[in-house]
Amino acid sequence: MPAPAFPLHRARKDLPAGLLSDVEDYQALGIGTDGRAPAVAEDGMRTSGASGTWEWWYFDSHLADGSTVVIVFYTKDFNTPFKGMGPMITVEIDRPDGTHIEREFKFDAAKWSASETSCDVRIGENYFRGDLEHYEIRVVDGDFDIEVSIDRTSNSWRPKTGIIAFGEDDKFFGWVVAVPQGKTTVDVKSPEATFTESGSCYHDHNWGTVMMPKVINHWYWGRAEIGPFTFIVAEIIAESEFDNVPIVVFNLARDGHTVADDERNVTVYRTYPRVGPDSPKPISDRLLFEYEVPDDDLRYEITLWRKKNLLVAKFLDKIIPNSFARGVVSRLTGFDGAYHRFTGEATVRVFRGGNVVEEYSSPTAVWELMFFGK
């Protein structure tokens, strides 16, 4: 397939890394400067799939019976972006009774097709397609079959241009949040479980031109639906080559419409990070994202309190099954990246004139820490 027409990106003028937001950046990308609402084409394929690029379409859901379902369509294995096209799909399902279903399907490049004008990704019989408002996903392999429908309930969004640039060499990370919040119905047929459930969901689209461990030290990322609010928050810490610059992403929507999303108004606080027996990396048990509205007495606070780890996974364990070989690679490269998924309490508080005027909380929020560096 031909490579999409995707312009090169310059670095930020004022920082070694960060979100591109100048007028010429919007013009170069052809996305206009009248807000942060993406067009349908922005959820289409944005790279060629060539060596050095990566791209994926992500879906997760929390269903009424307590189940969670995560589906991702990739142009190639996340761990090997330096290779050419190698399509794959991953599915993770967790049932309230503790049943865990996990599948990974890999395909020849000839099985792949994707549109540049909308989200229409096809890998063999499988598809992930939609138009920002409605999506359908299908993954089928033998006796495993999952079908998903999505209807967006919160406006689509991207942080500024959606492009985070690193340095001056066309290294970037792209992010469009097509469905910050939606309603979904998931139908699963598998040897482990068969069920149909409805619930809430999220879908975003990421792509880039550099291996993330080369430019990002670590990030915290979370989202939740609490009371009338939906939020997406992230603090991304660049690698030392880029002065460990913190890059903040913040979106707070009320009743489906964004009310606060200018990262310049956000201050992030963390409790002192600790290394414990349950993690190879330092973890902050509490995160606070404070958003102050300029020239107003309005302030929002989003707080995440970690109660326990849902998952801790070392990347080398997945890439290199042999423990001796893993140890050799770790010593030679110094790489010891790990992914963490947490659960705990999330709170949204609204202040007016220094007083709390609204407060909502959830005891079952989920967020993550991706730690590539030292």
# chains A, B, ... in the order shown; residues from 1 in each chain; ligands from 1
call {"tool": "residues_around", "arguments": {"residues": "stretch 128-145 of chain A", "least_positions_apart": "2", "cutoff": "8 Å", "atoms": "only C-alpha atoms", "output": "ChimeraX atom specification"}}
result
/A:40,43,57,73,118-122,125-126,147-152,156,178-179,188-191
call {"tool": "write_last_selection", "arguments": {"atoms": "N, CA, C and O atoms", "output": "tab-separated table (two decimals), in the first residue's frame"}}
result
chain	number	residue	atom	x	y	z
A	40	VAL	N	-12.44	12.94	11.00
A	40	VAL	CA	-12.56	11.49	10.83
A	40	VAL	C	-11.26	10.89	10.29
A	40	VAL	O	-10.82	9.82	10.72
A	43	ASP	N	-8.28	9.43	12.45
A	43	ASP	CA	-8.30	8.08	13.01
A	43	ASP	C	-7.97	7.04	11.95
A	43	ASP	O	-8.06	5.84	12.18
A	57	TRP	N	-4.41	0.93	17.15
A	57	TRP	CA	-5.77	1.37	17.48
A	57	TRP	C	-6.19	0.59	18.71
A	57	TRP	O	-6.22	-0.65	18.70
A	73	PHE	N	-5.28	-3.34	17.76
A	73	PHE	CA	-4.82	-3.70	16.42
A	73	PHE	C	-3.50	-2.95	16.17
A	73	PHE	O	-3.44	-1.72	16.30
A	118	SER	N	-10.31	7.27	7.06
A	118	SER	CA	-11.14	6.95	8.21
A	118	SER	C	-10.54	5.74	8.90
A	118	SER	O	-9.63	5.09	8.36
A	119	CYS	N	-11.03	5.41	10.07
A	119	CYS	CA	-10.59	4.19	10.75
A	119	CYS	C	-11.26	3.00	10.06
A	119	CYS	O	-12.45	2.75	10.26
A	120	ASP	N	-10.51	2.31	9.24
A	120	ASP	CA	-11.00	1.11	8.56
A	120	ASP	C	-9.81	0.17	8.43
A	120	ASP	O	-9.17	0.09	7.38
A	121	VAL	N	-9.50	-0.51	9.52
A	121	VAL	CA	-8.33	-1.38	9.60
A	121	VAL	C	-8.80	-2.82	9.45
A	121	VAL	O	-9.69	-3.27	10.19
A	122	ARG	N	-8.19	-3.54	8.53
A	122	ARG	CA	-8.58	-4.93	8.28
A	122	ARG	C	-7.33	-5.80	8.29
A	122	ARG	O	-6.34	-5.50	7.61
A	125	GLU	N	-9.77	-11.61	8.28
A	125	GLU	CA	-11.21	-11.50	8.53
A	125	GLU	C	-11.54	-10.49	9.63
A	125	GLU	O	-12.71	-10.22	9.89
A	126	ASN	N	-10.56	-9.96	10.27
A	126	ASN	CA	-10.76	-9.11	11.44
A	126	ASN	C	-10.78	-7.64	11.03
A	126	ASN	O	-10.12	-7.23	10.07
A	147	GLU	N	-17.15	-9.76	19.08
A	147	GLU	CA	-17.72	-8.65	18.31
A	147	GLU	C	-18.02	-7.51	19.26
A	147	GLU	O	-18.55	-7.72	20.37
A	148	VAL	N	-17.71	-6.28	18.82
A	148	VAL	CA	-17.87	-5.09	19.65
A	148	VAL	C	-18.56	-4.00	18.85
A	148	VAL	O	-18.24	-3.78	17.68
A	149	SER	N	-19.51	-3.32	19.48
A	149	SER	CA	-20.07	-2.09	18.90
A	149	SER	C	-19.82	-0.95	19.88
A	149	SER	O	-19.86	-1.14	21.10
A	150	ILE	N	-19.55	0.23	19.33
A	150	ILE	CA	-19.21	1.41	20.14
A	150	ILE	C	-20.02	2.59	19.65
A	150	ILE	O	-20.08	2.85	18.44
A	151	ASP	N	-20.62	3.33	20.58
A	151	ASP	CA	-21.27	4.60	20.27
A	151	ASP	C	-20.68	5.66	21.19
A	151	ASP	O	-20.78	5.55	22.43
A	152	ARG	N	-20.09	6.67	20.59
A	152	ARG	CA	-19.42	7.73	21.35
A	152	ARG	C	-20.43	8.56	22.13
A	152	ARG	O	-21.49	8.92	21.61
A	156	SER	N	-14.96	13.71	20.64
A	156	SER	CA	-13.60	13.30	20.29
A	156	SER	C	-12.63	14.45	20.56
A	156	SER	O	-13.01	15.63	20.50
A	178	ALA	N	-10.27	9.23	19.91
A	178	ALA	CA	-11.49	9.23	19.10
A	178	ALA	C	-12.74	9.10	19.95
A	178	ALA	O	-13.77	9.73	19.68
A	179	VAL	N	-12.68	8.26	21.00
A	179	VAL	CA	-13.82	8.04	21.89
A	179	VAL	C	-13.34	8.16	23.34
A	179	VAL	O	-12.94	7.18	23.97
A	188	VAL	N	-18.80	-12.16	23.35
A	188	VAL	CA	-17.61	-13.03	23.39
A	188	VAL	C	-18.02	-14.49	23.32
A	188	VAL	O	-18.93	-14.92	24.05
A	189	LYS	N	-17.36	-15.22	22.45
A	189	LYS	CA	-17.51	-16.67	22.39
A	189	LYS	C	-16.10	-17.26	22.42
A	189	LYS	O	-15.29	-17.00	21.52
A	190	SER	N	-15.80	-18.03	23.46
A	190	SER	CA	-14.48	-18.65	23.57
A	190	SER	C	-14.60	-19.89	24.44
A	190	SER	O	-15.59	-20.07	25.16
A	191	PRO	N	-13.59	-20.77	24.40
A	191	PRO	CA	-13.64	-21.96	25.26
A	191	PRO	C	-13.70	-21.62	26.75
A	191	PRO	O	-14.27	-22.37	27.53
call {"tool": "select_by_dssp", "arguments": {"residues": "stretch 126-324 of chain A", "states": "helix (DSSP H, G or I)", "output": "ChimeraX atom specification"}}
result
/A:212-215,240-242,263-265,315-319,323-324
call {"tool": "closest_residue", "arguments": {"among": "A:Asn355, A:Ser198, A:Thr230, A:Thr161", "to": "A:Phe173", "atoms": "only C-alpha atoms"}}
result
A:Thr161
call {"tool": "residues_around", "arguments": {"residues": "stretch 277-294 of chain A", "least_positions_apart": "2", "cutoff": "9 Å", "atoms": "only C-alpha atoms", "output": "ChimeraX atom specification"}}
result
/A:220,233,250,260-275,296-307,309,312,314,336-338,340,369,371,374
call {"tool": "select_by_dssp", "arguments": {"residues": "stretch 207-374 of chain A", "states": "strand (DSSP E or B)", "output": "VMD selection string"}}
result
chain A and resid 207 to 208 216 to 226 229 to 238 246 to 254 257 to 260 266 to 270 274 283 286 to 292 298 to 314 338 to 352 355 to 371
call {"tool": "closest_residue", "arguments": {"among": "A:Lys183, A:Lys106, A:Lys160, A:Lys111", "to": "A:Val91", "atoms": "only C-alpha atoms"}}
result
A:Lys106
call {"tool": "residues_around", "arguments": {"residues": "A:Trp56", "least_positions_apart": "3", "cutoff": "12 Å", "atoms": "only C-alpha atoms", "output": "PyMOL selection string"}}
result
chain A and resi 43-47+49+53+59+71-78+81+86-90+114+119+121+128+173-176+203-208
call {"tool": "atom_distance", "arguments": {"atom1": "atom CA of A:Glu192", "atom2": "atom CA of A:Ile101"}}
result
7.0 Å
call {"tool": "closest_residue", "arguments": {"among": "A:Glu24, A:Asp170, A:Asp187, A:Glu225", "to": "A:Gly256", "atoms": "only C-alpha atoms"}}
result
A:Glu225
call {"tool": "closest_residue", "arguments": {"among": "A:Pro363, A:Pro96, A:Pro180, A:Gly52", "to": "A:Phe231", "atoms": "only C-alpha atoms"}}
result
A:Pro180
call {"tool": "decode", "arguments": {"residues": "stretch 117-171 of chain A", "atoms": "C-alpha atoms", "output": "CSV table (one decimal), in the first residue's frame"}}
result
chain,number,residue,atom,x,y,z
A,117,THR,CA,-9.5,8.7,5.3
A,118,SER,CA,-11.1,7.0,8.2
A,119,CYS,CA,-10.6,4.2,10.7
A,120,ASP,CA,-11.0,1.1,8.6
A,121,VAL,CA,-8.3,-1.4,9.6
A,122,ARG,CA,-8.6,-4.9,8.3
A,123,ILE,CA,-6.3,-7.9,9.1
A,124,GLY,CA,-7.6,-11.0,7.3
A,125,GLU,CA,-11.2,-11.5,8.5
A,126,ASN,CA,-10.8,-9.1,11.4
A,127,TYR,CA,-11.6,-5.4,11.4
A,128,PHE,CA,-11.6,-2.2,13.5
A,129,ARG,CA,-13.7,0.4,11.8
A,130,GLY,CA,-15.6,3.6,12.5
A,131,ASP,CA,-16.2,7.3,12.0
A,132,LEU,CA,-15.6,8.9,15.4
A,133,GLU,CA,-19.3,8.5,16.3
A,134,HIS,CA,-19.7,4.7,15.8
A,135,TYR,CA,-17.3,1.8,15.6
A,136,GLU,CA,-17.4,-1.9,15.1
A,137,ILE,CA,-14.6,-4.4,16.0
A,138,ARG,CA,-14.4,-8.1,15.1
A,139,VAL,CA,-11.7,-10.6,16.1
A,140,VAL,CA,-12.3,-14.3,15.0
A,141,ASP,CA,-10.0,-17.3,15.1
A,142,GLY,CA,-11.3,-20.8,15.2
A,143,ASP,CA,-13.5,-21.2,18.3
A,144,PHE,CA,-12.6,-17.7,19.5
A,145,ASP,CA,-15.0,-14.9,18.3
A,146,ILE,CA,-15.5,-11.4,19.7
A,147,GLU,CA,-17.7,-8.7,18.3
A,148,VAL,CA,-17.9,-5.1,19.7
A,149,SER,CA,-20.1,-2.1,18.9
A,150,ILE,CA,-19.2,1.4,20.1
A,151,ASP,CA,-21.3,4.6,20.3
A,152,ARG,CA,-19.4,7.7,21.4
A,153,THR,CA,-21.0,9.7,24.2
A,154,SER,CA,-18.2,12.3,24.8
A,155,ASN,CA,-16.7,14.6,22.1
A,156,SER,CA,-13.6,13.3,20.3
A,157,TRP,CA,-10.4,15.1,21.3
A,158,ARG,CA,-6.7,15.4,20.8
A,159,PRO,CA,-4.1,17.3,22.8
A,160,LYS,CA,-3.4,20.4,20.7
A,161,THR,CA,-2.1,19.0,17.3
A,162,GLY,CA,-1.8,15.6,18.8
A,163,ILE,CA,1.9,15.4,18.0
A,164,ILE,CA,4.6,15.3,20.8
A,165,ALA,CA,7.9,16.0,19.2
A,166,PHE,CA,11.4,15.1,20.5
A,167,GLY,CA,14.4,17.1,19.4
A,168,GLU,CA,15.1,18.1,15.8
A,169,ASP,CA,15.2,14.8,13.9
A,170,ASP,CA,11.6,14.1,13.1
A,171,LYS,CA,11.1,12.0,16.3
